[in-house]
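What follows is a set of notes on a single structure, which appears directly below.
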Amino acid sequence: MTASGSADLVIVANRLPVDRVVEPDGTSSWRRSPGGLVSALEPVMRVHDGAWIGWTGGTSEESDDLAPFVEDGMQLVPVPLSAREVEEFYEGFSNATLWPLYHDVVAKPLFKREWWESYKRVNQRFAERAAEVAAPGAMVWVHDYQLQLVPQLLRELRPDLRIGFFLHIPFPPAELFSQLPWRRAVLEGLLGADIVGFHLPGGAQNFVRLVRQRVGHKTHRDLVTLPDGRQVRAAAYPISIDAADFEDLARSPDVTRRAEAIRAALGNPKRVLLGVDRLDYTKGIYPRLRAYAELVADGTFDVEDTVFVQVATPSRERVDEYRKMRDEIDMLVGRVNGDLGQIGRPAISYLHSSYPREEMAALYRAADIMVVTPYRDGMNLVCKEYVACRYDNDGALVLSEFAGAAHELSQAWLVNPYDINGMKAAIVEAANADPKELTRRMKAMRKTVAEHDVDRWATGFLDELDAVRPSGRRRVRR
Ligand code: F6P
């Protein structure tokens, strides 16, 4: 067993909760990453004397200052990745093998043996770091598809720990997962945890079924029993956002003014439609923009009074499929604006950039219809952010039935992103809905988002992990 550290709660995630900011004079500092996960876990980390283990986003060749440090009151433990590991572990196995495989094979997953070797090596490094910093009997919460082997590797080093795992993306059906040449090793990696969490019950069921089929362990409902008697629970914990915080931001005078300024800059149109996504082929940006363009082309919408604002945040730009899809979207937007736009009135206002939360809140306030149409998405938090910002109970949400969030936000206009005509009909219906109908739907969605926020998600998961006894036998059974 590795010597233990002092952290009672250890978060292990591919990325640290801070981003490096380089000033023009070359000096660099850390800035807390935006996003609900960090704000939800920060208070829990403080209570527990917590540590966060993750990659800085750079390469060990660029920077060697990788000693643990404290930022914003959080103990941060960097894990170095070499340039080759970034290519093979992060861009390769994580984002060109697992990402497409777990997202319904929307793009073809690549299976490369050297990438798998790199994935194993990097997972081992994360596990070793966690084993060093965790106090005896500590809780360790491992996050996401990049680190699926960590639970088992860590348990081998530190059997005294309580280990939780949460997958932030969908977990695919057995028929797709079984393509993975290293399927059994991944399942065994996850089984090192006491609790394996998914967004949806379907993900947990897929996992349990695969464990039974491919590993041969006994399963009963959401419990897997290992040969040594240890039990692993697989269950759904749908993630959310800090809804109150988003609403406060949306109500602030600065954001209110900015939302008005955005509408004015767009020519004060009658209708603003909005899409906000990481530029990822799973997000269904292409069919959504096509649906909208057809509505303009056939005269349903007029660019004089309707505009589509699409924010596409740059992401994983060195991975081939991402480059390809960026070109496709650039071309589509160029064609649509060339064919349908007028002077000062583009049909699509396209922004390839990322924005701070304040600007996002202003965009949500400015938009009459939010269009979220992923082909597959673990949860999708953008739609929850939109709902949280609509404190007047107005605005319409058009949402893909293949986003995890569709299970909670059933009052949205639910669409199949593969069905362009269906999407067009839903957008038109949402655009023509009377205010009472909008209020009825938005009120119900706002109640869901307010009640199930990210704090409830994090404390719910950690309370259950806390109830696990070191032997792996549960004190509390639901
Ligand atoms: O949704 C999965 C996820 O890995 C998130 O955890 C993360 O914020 C996002 O995708 C972006 O990923 P990357 O770390 O590859 O930029």
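Ordering of the structure tokens sets the chain letters (A, B, ...), residue numbers begin anew at 1 in every chain, and ligands are numbered from 1 in the order given.
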
Every residue of region 216-365 of chain A that DSSP places in strand (DSSP E), as a VMD selection string
chain A and resid 218 to 220 223 to 225 231 to 236 271 to 278 306 to 313 348 to 351

Shell of 8 Å around ligand 1 (only C-alpha atoms and all ligand atoms), written as a PyMOL selection string
chain A and resi 14-15+90+95+144-146+168-169+278+315-316+378

Long-range neighbours of region 441-458 of chain A as number ranges by chain, 9 Å cut-off, only C-alpha atoms, 5 positions minimum in chain
A: 36-37, 39-41, 44, 237-244, 384-385, 387-388, 390-397, 408-412, 436, 463

Wanna dump the region 173-215 of chain A-region 148-154 of chain A contacts at 8 Å for me, each residue with its shortest atom pair and the distance in Å to one decimal, counting only C-alpha atoms, ordered by chain and number, as CSV?
residue,atom,partner,partner_atom,distance
A:Ala185,CA,A:Leu149,CA,7.7
A:Val186,CA,A:Leu149,CA,6.2
A:Glu188,CA,A:Gln152,CA,6.9
A:Gly189,CA,A:Leu149,CA,4.0
A:Leu190,CA,A:Gln148,CA,5.6
A:Leu191,CA,A:Gln152,CA,6.5
A:Gly192,CA,A:Gln152,CA,3.7
A:Ala193,CA,A:Pro151,CA,5.1

For the selection just defined, write its residues with N, CA and C atoms to a file, as a JSON list (two decimals), in the first residue's frame.
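Contents of again20.json, freshly written:
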[["chain", "number", "residue", "atom", "x", "y", "z"],
["A", 185, "ALA", "N", -11.36, -4.59, -19.95],
["A", 185, "ALA", "CA", -10.46, -3.83, -19.07],
["A", 185, "ALA", "C", -11.13, -2.54, -18.60],
["A", 186, "VAL", "N", -11.91, -1.91, -19.47],
["A", 186, "VAL", "CA", -12.58, -0.66, -19.08],
["A", 186, "VAL", "C", -13.65, -0.95, -18.02],
["A", 188, "GLU", "N", -13.71, -3.45, -15.95],
["A", 188, "GLU", "CA", -13.03, -3.80, -14.69],
["A", 188, "GLU", "C", -12.44, -2.56, -14.02],
["A", 189, "GLY", "N", -11.97, -1.63, -14.84],
["A", 189, "GLY", "CA", -11.46, -0.37, -14.29],
["A", 189, "GLY", "C", -12.54, 0.34, -13.49],
["A", 190, "LEU", "N", -13.73, 0.45, -14.07],
["A", 190, "LEU", "CA", -14.84, 1.13, -13.40],
["A", 190, "LEU", "C", -15.28, 0.39, -12.15],
["A", 191, "LEU", "N", -15.19, -0.93, -12.19],
["A", 191, "LEU", "CA", -15.64, -1.73, -11.05],
["A", 191, "LEU", "C", -14.75, -1.56, -9.81],
["A", 192, "GLY", "N", -13.64, -0.85, -9.97],
["A", 192, "GLY", "CA", -12.82, -0.52, -8.80],
["A", 192, "GLY", "C", -13.55, 0.47, -7.89],
["A", 193, "ALA", "N", -14.58, 1.14, -8.42],
["A", 193, "ALA", "CA", -15.32, 2.13, -7.62],
["A", 193, "ALA", "C", -16.37, 1.43, -6.74]]

Considering only C-alpha atoms, return as a list of chain:residue names whatever protein or nucleic-acid residues lie within 8 Å of Asn380 (chain A), sequence-local ones (same chain, fewer than 4 positions apart) excluded.
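My reading of the contact set: A:Lys384, A:Ala403, A:Gly404, A:Ala405.
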
May I have the selected residues written with N, CA and C atoms, as a PDB file, in the first residue's frame?
ATOM      1  N   LYS A 384     -30.326  24.078 -19.513  1.00  0.00           N
ATOM      2  CA  LYS A 384     -30.692  24.386 -18.123  1.00  0.00           C
ATOM      3  C   LYS A 384     -30.311  25.836 -17.792  1.00  0.00           C
ATOM      4  N   ALA A 403     -30.755  14.468 -25.825  1.00  0.00           N
ATOM      5  CA  ALA A 403     -29.967  15.105 -24.758  1.00  0.00           C
ATOM      6  C   ALA A 403     -30.463  14.526 -23.446  1.00  0.00           C
ATOM      7  N   GLY A 404     -29.550  14.234 -22.523  1.00  0.00           N
ATOM      8  CA  GLY A 404     -29.974  13.711 -21.221  1.00  0.00           C
ATOM      9  C   GLY A 404     -31.024  14.609 -20.571  1.00  0.00           C
ATOM     10  N   ALA A 405     -30.868  15.923 -20.770  1.00  0.00           N
ATOM     11  CA  ALA A 405     -31.765  16.894 -20.128  1.00  0.00           C
ATOM     12  C   ALA A 405     -33.218  16.721 -20.565  1.00  0.00           C
TER      13      ALA A 405
END

Using only C-alpha atoms, tabulate the residues of region 297-395 of chain A lying at most 7 Å from any atom of region 414-424 of chain A, each with its closest atom pair and that distance in Å to one decimal, by chain and increasing residue number, as JSON lines.
{"residue": "A:Thr373", "atom": "CA", "partner": "A:Pro417", "partner_atom": "CA", "distance": 5.7}
{"residue": "A:Pro374", "atom": "CA", "partner": "A:Pro417", "partner_atom": "CA", "distance": 6.8}
{"residue": "A:Tyr375", "atom": "CA", "partner": "A:Pro417", "partner_atom": "CA", "distance": 6.1}

All residues 7 Å or closer to region 356-363 of chain A, only C-alpha atoms, same chain fewer than 5 positions away omitted, as a list in words
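Skipping anything fewer than 5 positions along the chain leaves Leu249, Ala250, Val255, Thr256, Arg258, Ala259 and Cys389 of chain A.
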
Save the residues we just selected, C-alpha atoms, as a compact mmCIF listing (two decimals), in the first residue's frame?
# COMPACT_ATOMS: atom_id res chain seq x y z
CA LEU A 249 -26.56 36.99 -12.90
CA ALA A 250 -29.44 37.26 -15.39
CA VAL A 255 -26.63 41.73 -17.89
CA THR A 256 -30.03 43.33 -18.50
CA ARG A 258 -26.13 43.96 -22.25
CA ALA A 259 -29.11 41.83 -23.38
CA CYS A 389 -32.16 32.86 -16.90

Using only C-alpha atoms, which protein or nucleic acid residues come within 7 Å of region 98-113 of chain A? Drop anything in the same chain fewer than 2 positions from it, and give the result as a PyMOL selection string.
chain A and resi 93-96+115-117+170-172+176-177+282+376
